[in-house]
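Student: What follows is run15.txt, compact mmCIF, C-alpha atoms.
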# COMPACT_ATOMS: atom_id res chain seq x y z
CA GLY A 1 0.00 0.00 0.00
CA GLU A 2 0.93 3.66 -0.10
CA ASP A 3 2.75 4.84 2.96
CA VAL A 4 5.27 7.57 3.70
CA GLU A 5 7.13 7.40 6.99
CA GLN A 6 9.02 10.12 8.84
CA SER A 7 10.28 10.58 12.36
CA LEU A 8 8.00 12.97 14.23
CA PHE A 9 10.48 15.26 15.98
CA LEU A 10 13.93 16.75 15.46
CA SER A 11 15.68 19.27 17.65
CA VAL A 12 18.87 21.08 16.64
CA ARG A 13 20.87 24.12 17.69
CA GLU A 14 20.99 27.24 15.57
CA GLY A 15 23.84 27.03 13.09
CA ASP A 16 23.92 23.23 13.02
CA SER A 17 22.76 21.14 10.08
CA SER A 18 19.38 19.41 10.24
CA VAL A 19 18.67 16.15 8.46
CA ILE A 20 15.08 15.01 8.08
CA ASN A 21 14.55 11.49 6.77
CA CYS A 22 11.67 9.89 4.96
CA THR A 23 10.87 6.49 3.49
CA TYR A 24 8.20 5.82 0.91
CA THR A 25 6.72 2.69 -0.57
CA ASP A 26 5.64 3.36 -4.15
CA SER A 27 8.61 2.61 -6.40
CA SER A 28 6.77 4.15 -9.35
CA SER A 29 6.69 7.60 -7.73
CA THR A 30 8.06 10.07 -10.25
CA TYR A 31 8.37 13.11 -8.03
CA LEU A 32 9.07 13.43 -4.34
CA TYR A 33 8.54 16.61 -2.39
CA TRP A 34 9.33 18.43 0.78
CA TYR A 35 6.68 20.80 2.08
CA LYS A 36 7.05 23.16 5.02
CA GLN A 37 4.21 24.12 7.36
CA GLU A 38 4.72 27.03 9.72
CA PRO A 39 2.45 27.36 12.76
CA GLY A 40 -1.12 28.23 11.83
CA ALA A 41 -0.40 28.24 8.11
CA GLY A 42 -0.89 26.06 5.08
CA LEU A 43 1.83 24.01 3.43
CA GLN A 44 4.39 25.54 1.11
CA LEU A 45 6.48 23.62 -1.35
CA LEU A 46 10.09 23.79 -0.25
CA THR A 47 11.74 21.65 -2.89
CA TYR A 48 11.16 18.57 -5.00
CA ILE A 49 13.23 15.97 -6.76
CA PHE A 50 12.59 13.93 -9.86
CA SER A 51 13.05 10.21 -9.37
CA ASN A 52 15.90 9.87 -11.86
CA MET A 53 18.04 12.22 -9.76
CA ASP A 54 19.89 11.25 -6.62
CA MET A 55 20.70 14.70 -5.34
CA LYS A 56 19.40 18.22 -5.64
CA GLN A 57 20.87 21.29 -4.01
CA ASP A 58 19.12 24.61 -3.59
CA GLN A 59 20.95 27.15 -1.42
CA ARG A 60 20.87 25.78 2.15
CA LEU A 61 18.77 22.78 1.15
CA THR A 62 20.11 19.46 -0.07
CA VAL A 63 17.79 16.63 -1.06
CA LEU A 64 19.18 13.11 -1.32
CA LEU A 65 17.23 10.31 -2.95
CA ASN A 66 18.11 6.64 -2.66
CA LYS A 67 15.64 5.05 -5.01
CA LYS A 68 16.78 1.50 -4.28
CA ASP A 69 16.00 1.90 -0.58
CA LYS A 70 13.08 4.31 -1.22
CA HIS A 71 14.71 6.78 1.13
CA LEU A 72 14.56 10.55 0.85
CA SER A 73 16.31 13.08 3.05
CA LEU A 74 16.32 16.83 3.44
CA ARG A 75 19.41 18.52 4.82
CA ILE A 76 19.18 22.12 5.97
CA ALA A 77 22.59 23.72 6.39
CA ASP A 78 23.17 26.46 8.98
CA THR A 79 19.71 25.95 10.48
CA GLN A 80 18.05 29.14 11.68
CA THR A 81 15.26 29.72 14.20
CA GLY A 82 13.04 30.68 11.25
CA ASP A 83 13.39 27.12 9.97
CA SER A 84 11.33 25.87 12.92
CA ALA A 85 8.28 24.28 11.34
CA ILE A 86 6.79 20.93 10.40
CA TYR A 87 8.35 19.36 7.31
CA PHE A 88 6.28 16.96 5.25
CA CYS A 89 7.70 14.48 2.83
CA ALA A 90 5.32 13.55 -0.01
CA GLU A 91 5.31 11.21 -2.97
CA ARG A 92 3.17 11.60 -6.04
CA ILE A 93 1.38 8.52 -7.20
CA GLY A 94 -0.78 7.83 -10.21
CA GLY A 95 0.86 9.88 -12.94
CA SER A 96 1.20 13.58 -13.71
CA GLN A 97 -2.11 14.52 -12.08
CA GLY A 98 -1.87 11.96 -9.36
CA ASN A 99 -2.40 12.63 -5.69
CA LEU A 100 0.23 13.44 -3.14
CA ILE A 101 0.67 11.04 -0.27
CA PHE A 102 2.10 12.87 2.69
CA GLY A 103 4.16 11.58 5.57
CA LYS A 104 3.11 12.43 9.10
CA GLY A 105 5.47 15.40 9.24
CA THR A 106 8.64 16.04 11.22
CA LYS A 107 8.50 18.88 13.69
CA LEU A 108 11.83 20.70 13.58
CA SER A 109 12.68 22.78 16.65
CA VAL A 110 15.68 25.08 16.42
CA LYS A 111 17.19 26.20 19.70
CA PRO A 112 19.14 29.46 19.84
CA ASP B 1 -3.75 38.95 -4.17
CA THR B 2 -4.03 35.75 -2.14
CA ALA B 3 -3.44 32.70 -4.31
CA VAL B 4 -5.64 30.15 -2.54
CA SER B 5 -8.13 31.45 -0.01
CA GLN B 6 -10.53 29.68 2.29
CA THR B 7 -13.44 30.88 4.37
CA PRO B 8 -14.09 30.74 7.18
CA LYS B 9 -10.76 30.50 8.97
CA TYR B 10 -12.45 29.10 12.06
CA LEU B 11 -15.73 27.23 12.32
CA VAL B 12 -17.27 26.04 15.57
CA THR B 13 -20.54 24.15 15.34
CA GLN B 14 -22.71 21.55 17.02
CA MET B 15 -22.84 17.86 16.19
CA GLY B 16 -25.47 17.06 13.61
CA ASN B 17 -25.29 20.39 11.80
CA ASP B 18 -24.53 20.84 8.11
CA LYS B 19 -21.77 23.26 7.17
CA SER B 20 -19.78 24.41 4.15
CA ILE B 21 -16.22 25.60 3.73
CA LYS B 22 -15.42 27.69 0.68
CA CYS B 23 -12.22 27.68 -1.35
CA GLU B 24 -11.18 29.96 -4.16
CA GLN B 25 -7.99 30.10 -6.21
CA ASN B 26 -6.99 32.94 -8.51
CA LEU B 27 -4.05 31.12 -10.08
CA GLY B 28 -5.90 29.82 -13.10
CA HIS B 29 -5.28 26.26 -11.96
CA ASP B 30 -7.44 23.47 -13.25
CA THR B 31 -7.17 20.98 -10.41
CA MET B 32 -8.24 21.55 -6.82
CA TYR B 33 -7.98 19.42 -3.71
CA TRP B 34 -9.26 19.07 -0.19
CA TYR B 35 -7.08 17.70 2.59
CA LYS B 36 -7.86 16.92 6.22
CA GLN B 37 -5.21 17.46 8.89
CA ASP B 38 -6.05 15.89 12.23
CA SER B 39 -4.88 16.89 15.71
CA LYS B 40 -1.68 14.89 15.28
CA LYS B 41 -0.93 16.85 12.09
CA PHE B 42 -1.52 13.83 9.85
CA LEU B 43 -2.48 15.12 6.40
CA LYS B 44 -4.77 13.05 4.19
CA ILE B 45 -6.15 13.74 0.74
CA MET B 46 -9.94 13.76 0.65
CA PHE B 47 -10.75 14.79 -2.91
CA SER B 48 -9.10 15.95 -6.06
CA TYR B 49 -11.18 17.58 -8.76
CA ASN B 50 -10.73 19.11 -12.16
CA ASN B 51 -13.37 20.00 -14.66
CA LYS B 52 -13.34 16.46 -15.94
CA GLU B 53 -13.00 14.19 -12.99
CA LEU B 54 -13.69 13.92 -9.28
CA ILE B 55 -11.45 11.50 -7.45
CA ILE B 56 -12.60 10.59 -3.98
CA ASN B 57 -10.48 8.95 -1.33
CA GLU B 58 -12.49 5.87 -0.47
CA THR B 59 -12.03 6.45 3.26
CA VAL B 60 -13.98 9.72 3.13
CA PRO B 61 -17.56 9.35 4.44
CA ASN B 62 -20.28 10.28 1.98
CA ARG B 63 -21.36 13.01 4.39
CA PHE B 64 -18.58 15.01 2.75
CA SER B 65 -19.25 16.35 -0.72
CA PRO B 66 -17.23 18.74 -2.86
CA LYS B 67 -19.10 21.26 -4.96
CA SER B 68 -17.49 23.22 -7.75
CA PRO B 69 -19.54 26.09 -9.18
CA ASP B 70 -16.67 26.98 -11.53
CA LYS B 71 -13.00 26.26 -12.14
CA ALA B 72 -11.81 28.72 -9.51
CA HIS B 73 -13.91 27.34 -6.65
CA LEU B 74 -14.18 24.04 -4.83
CA ASN B 75 -16.37 24.16 -1.77
CA LEU B 76 -16.61 21.40 0.82
CA HIS B 77 -20.02 20.59 2.20
CA ILE B 78 -20.37 18.42 5.28
CA ASN B 79 -23.66 16.92 6.42
CA SER B 80 -24.51 15.68 9.91
CA LEU B 81 -21.24 16.77 11.49
CA GLU B 82 -19.61 14.39 13.96
CA LEU B 83 -17.06 14.97 16.71
CA GLY B 84 -14.41 13.16 14.66
CA ASP B 85 -14.76 15.70 11.89
CA SER B 86 -12.91 18.23 14.04
CA ALA B 87 -9.71 19.00 12.17
CA VAL B 88 -8.05 21.58 9.97
CA TYR B 89 -9.19 21.37 6.37
CA PHE B 90 -6.86 22.58 3.65
CA CYS B 91 -7.76 23.43 0.11
CA ALA B 92 -5.05 23.29 -2.56
CA SER B 93 -4.75 23.77 -6.29
CA SER B 94 -2.34 22.88 -9.06
CA ARG B 95 -1.89 23.43 -12.76
CA GLY B 96 -2.16 20.57 -15.18
CA GLY B 97 0.67 19.88 -17.56
CA VAL B 98 3.36 20.86 -15.08
CA LEU B 99 5.53 17.86 -14.50
CA TYR B 100 6.34 18.41 -10.88
CA ASN B 101 2.78 19.45 -10.09
CA GLU B 102 3.35 21.92 -7.26
CA GLN B 103 0.28 22.21 -5.12
CA PHE B 104 -0.49 25.59 -3.60
CA PHE B 105 -2.24 25.40 -0.26
CA GLY B 106 -4.76 27.67 1.36
CA PRO B 107 -4.32 28.81 4.98
CA GLY B 108 -6.69 26.18 6.33
CA THR B 109 -10.06 26.15 8.08
CA ARG B 110 -10.09 24.93 11.66
CA LEU B 111 -13.36 23.07 12.23
CA THR B 112 -14.40 22.29 15.80
CA VAL B 113 -17.46 20.14 16.34
CA LEU B 114 -18.95 20.29 19.84
Written as structure tokens, how would this file's structure read?
Tutor:
Amino acid sequence: GEDVEQSLFLSVREGDSSVINCTYTDSSSTYLYWYKQEPGAGLQLLTYIFSNMDMKQDQRLTVLLNKKDKHLSLRIADTQTGDSAIYFCAERIGGSQGNLIFGKGTKLSVKP
Amino acid sequence: DTAVSQTPKYLVTQMGNDKSIKCEQNLGHDTMYWYKQDSKKFLKIMFSYNNKELIINETVPNRFSPKSPDKAHLNLHINSLELGDSAVYFCASSRGGVLYNEQFFGPGTRLTVL
């Protein structure tokens, strides 16, 4: 079945790197996503990766994809207090207009 | 100039009532969605809809029905509200033909059923 798993909590100190991990089950997923949800707000797309890539870097964000193990990670370099939020991993199933299946979200807390 | 908007932001109502949540997007997108986020922050797709097809998550009770008066709106109507319906409901939209299919989310509607 479709399932996306993430650890629920991560706490880091300001300036450290954060690594949020995710596993998914659908090997036919073409795109995988990281969404960010700040308190009281909707989700915003942070970054995405196409399944034929194994790494994508975008400023402080690095996404690593291990397709064999169905493992996705998001690394945030030089984590700031403004990065405190819930981060959702998602896979798209069912083709170009398919639905997103979200993980349960990882709450990132950044301590000054 | 809000991209995806929802009203109301908060909704408190009694069990058994019927209520609607409205969603509008001004992005010209052709697909809209409703998600439910429960108290543990778990986010589940309820519906996706474009002008051709409504796809319903089979776990959604038939008390929930999406209504789309036009391409820019997808309202969520809920009959006979139950305590377990309390959650935050998010509307989202996306544009067809875009490979990575970014979904833009509304700010959410917090529904509390008493």
Student: For a quick check of understanding, using all atoms listed in the file, which of B:Ile45, B:Ile21, B:Leu11, B:Met32 has the smallest distance to B:Gln103?
Tutor: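 Closest to B:Gln103 of all the choices is B:Met32.
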Student: With all atoms listed in the file considered, list every residue of chain B at most 6 Å from chain A, as a VMD selection string.
Tutor: chain B and resid 42 105 to 108
Student: Work out how far apart atom CA of A:Cys22 and atom CA of A:Ser7 are and give it in Å to one decimal.
Tutor: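 One can read the atom CA of A:Cys22 to atom CA of A:Ser7 distance as 7.6 Å.
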Student: If I take atom CA of A:Glu5 and atom CA of B:Phe104, how far is one from the other in Å, to one decimal?
Tutor: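 Atom CA of B:Phe104 lies 22.4 Å from atom CA of A:Glu5.
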Student: In Å to one decimal, how far is atom CA of A:Lys56 from atom CA of A:Ser29?
Tutor: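 Taking atom CA of A:Ser29 as the start and atom CA of A:Lys56 as the end point, the length is 16.7 Å.
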Student: Using all atoms listed in the file, determine which residues lie at most 12 Å from A:Asn21, disregarding the query and same-chain residues fewer than 5 positions distant; provide the list as JSON, numbers by chain.
Tutor: {"A": [4, 5, 6, 7, 8, 9, 10, 34, 62, 63, 64, 65, 66, 70, 71, 72, 73, 74, 75, 76, 87, 88, 89, 90, 103, 104, 105, 106, 107, 108]}
Student: Find the residues around B:Ile56 up to 8 Å (all atoms listed in the file counted), leave out those fewer than 3 positions away in its own chain, and share them as a PyMOL selection string.
Tutor: chain B and resi 46-48+60
Student: Can you fill out stretch 9-20 of chain B with all heavy atoms and hand it back as a tab-separated table (two decimals), in the coordinates of the input?
Tutor:
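Contents of rebuild29.tsv, as written:
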chain	number	residue	atom	x	y	z
B	9	LYS	N	-12.02	30.97	8.41
B	9	LYS	CA	-10.76	30.50	8.97
B	9	LYS	C	-11.02	29.59	10.16
B	9	LYS	O	-10.29	28.64	10.39
B	9	LYS	CB	-9.91	31.70	9.39
B	9	LYS	CG	-8.47	31.35	9.71
B	9	LYS	CD	-7.65	32.60	9.85
B	9	LYS	CE	-6.26	32.31	10.41
B	9	LYS	NZ	-5.46	31.46	9.52
B	10	TYR	N	-12.05	29.92	10.92
B	10	TYR	CA	-12.45	29.10	12.06
B	10	TYR	C	-13.95	28.82	11.96
B	10	TYR	O	-14.72	29.69	11.59
B	10	TYR	CB	-12.17	29.81	13.39
B	10	TYR	CG	-10.73	30.16	13.62
B	10	TYR	CD1	-10.24	31.43	13.31
B	10	TYR	CD2	-9.84	29.22	14.12
B	10	TYR	CE1	-8.90	31.74	13.50
B	10	TYR	CE2	-8.50	29.53	14.32
B	10	TYR	CZ	-8.05	30.79	14.01
B	10	TYR	OH	-6.72	31.09	14.19
B	11	LEU	N	-14.32	27.61	12.35
B	11	LEU	CA	-15.73	27.23	12.32
B	11	LEU	C	-16.00	26.35	13.52
B	11	LEU	O	-15.39	25.29	13.66
B	11	LEU	CB	-16.03	26.48	11.01
B	11	LEU	CG	-17.45	26.01	10.75
B	11	LEU	CD1	-18.45	27.15	10.83
B	11	LEU	CD2	-17.53	25.33	9.39
B	12	VAL	N	-16.89	26.81	14.38
B	12	VAL	CA	-17.27	26.04	15.57
B	12	VAL	C	-18.76	25.76	15.44
B	12	VAL	O	-19.55	26.69	15.24
B	12	VAL	CB	-16.98	26.82	16.87
B	12	VAL	CG1	-17.38	25.99	18.08
B	12	VAL	CG2	-15.51	27.21	16.94
B	13	THR	N	-19.14	24.50	15.58
B	13	THR	CA	-20.54	24.15	15.34
B	13	THR	C	-20.92	22.93	16.17
B	13	THR	O	-20.07	22.24	16.73
B	13	THR	CB	-20.76	23.89	13.84
B	13	THR	OG1	-22.16	23.75	13.58
B	13	THR	CG2	-20.04	22.63	13.39
B	14	GLN	N	-22.19	22.67	16.24
B	14	GLN	CA	-22.71	21.55	17.02
B	14	GLN	C	-22.77	20.29	16.16
B	14	GLN	O	-22.95	20.34	14.94
B	14	GLN	CB	-24.12	21.86	17.52
B	14	GLN	CG	-24.21	23.07	18.43
B	14	GLN	CD	-23.71	22.77	19.83
B	14	GLN	OE1	-23.66	21.62	20.24
B	14	GLN	NE2	-23.33	23.82	20.55
B	15	MET	N	-22.65	19.17	16.83
B	15	MET	CA	-22.84	17.86	16.19
B	15	MET	C	-24.18	17.83	15.49
B	15	MET	O	-25.17	18.35	16.02
B	15	MET	CB	-22.84	16.78	17.28
B	15	MET	CG	-21.74	15.80	17.15
B	15	MET	SD	-21.65	14.52	18.44
B	15	MET	CE	-23.12	14.63	19.34
B	16	GLY	N	-24.22	17.22	14.33
B	16	GLY	CA	-25.47	17.06	13.61
B	16	GLY	C	-25.77	18.16	12.61
B	16	GLY	O	-26.63	17.99	11.74
B	17	ASN	N	-25.06	19.28	12.74
B	17	ASN	CA	-25.29	20.39	11.80
B	17	ASN	C	-24.68	20.09	10.44
B	17	ASN	O	-23.84	19.20	10.29
B	17	ASN	CB	-24.69	21.68	12.34
B	17	ASN	CG	-25.52	22.29	13.45
B	17	ASN	OD1	-26.66	21.88	13.68
B	17	ASN	ND2	-24.96	23.25	14.15
B	18	ASP	N	-25.12	20.88	9.45
B	18	ASP	CA	-24.53	20.84	8.11
B	18	ASP	C	-23.78	22.15	7.89
B	18	ASP	O	-24.30	23.22	8.19
B	18	ASP	CB	-25.63	20.75	7.03
B	18	ASP	CG	-26.52	19.54	7.20
B	18	ASP	OD1	-26.10	18.57	7.86
B	18	ASP	OD2	-27.65	19.57	6.67
B	19	LYS	N	-22.57	22.05	7.38
B	19	LYS	CA	-21.77	23.26	7.17
B	19	LYS	C	-21.00	23.17	5.86
B	19	LYS	O	-20.77	22.08	5.33
B	19	LYS	CB	-20.75	23.45	8.30
B	19	LYS	CG	-21.36	23.83	9.64
B	19	LYS	CD	-21.96	25.22	9.58
B	19	LYS	CE	-22.64	25.57	10.90
B	19	LYS	NZ	-23.39	26.84	10.80
B	20	SER	N	-20.60	24.35	5.37
B	20	SER	CA	-19.78	24.41	4.15
B	20	SER	C	-18.54	25.23	4.39
B	20	SER	O	-18.56	26.20	5.15
B	20	SER	CB	-20.57	25.04	3.01
B	20	SER	OG	-21.61	24.21	2.59
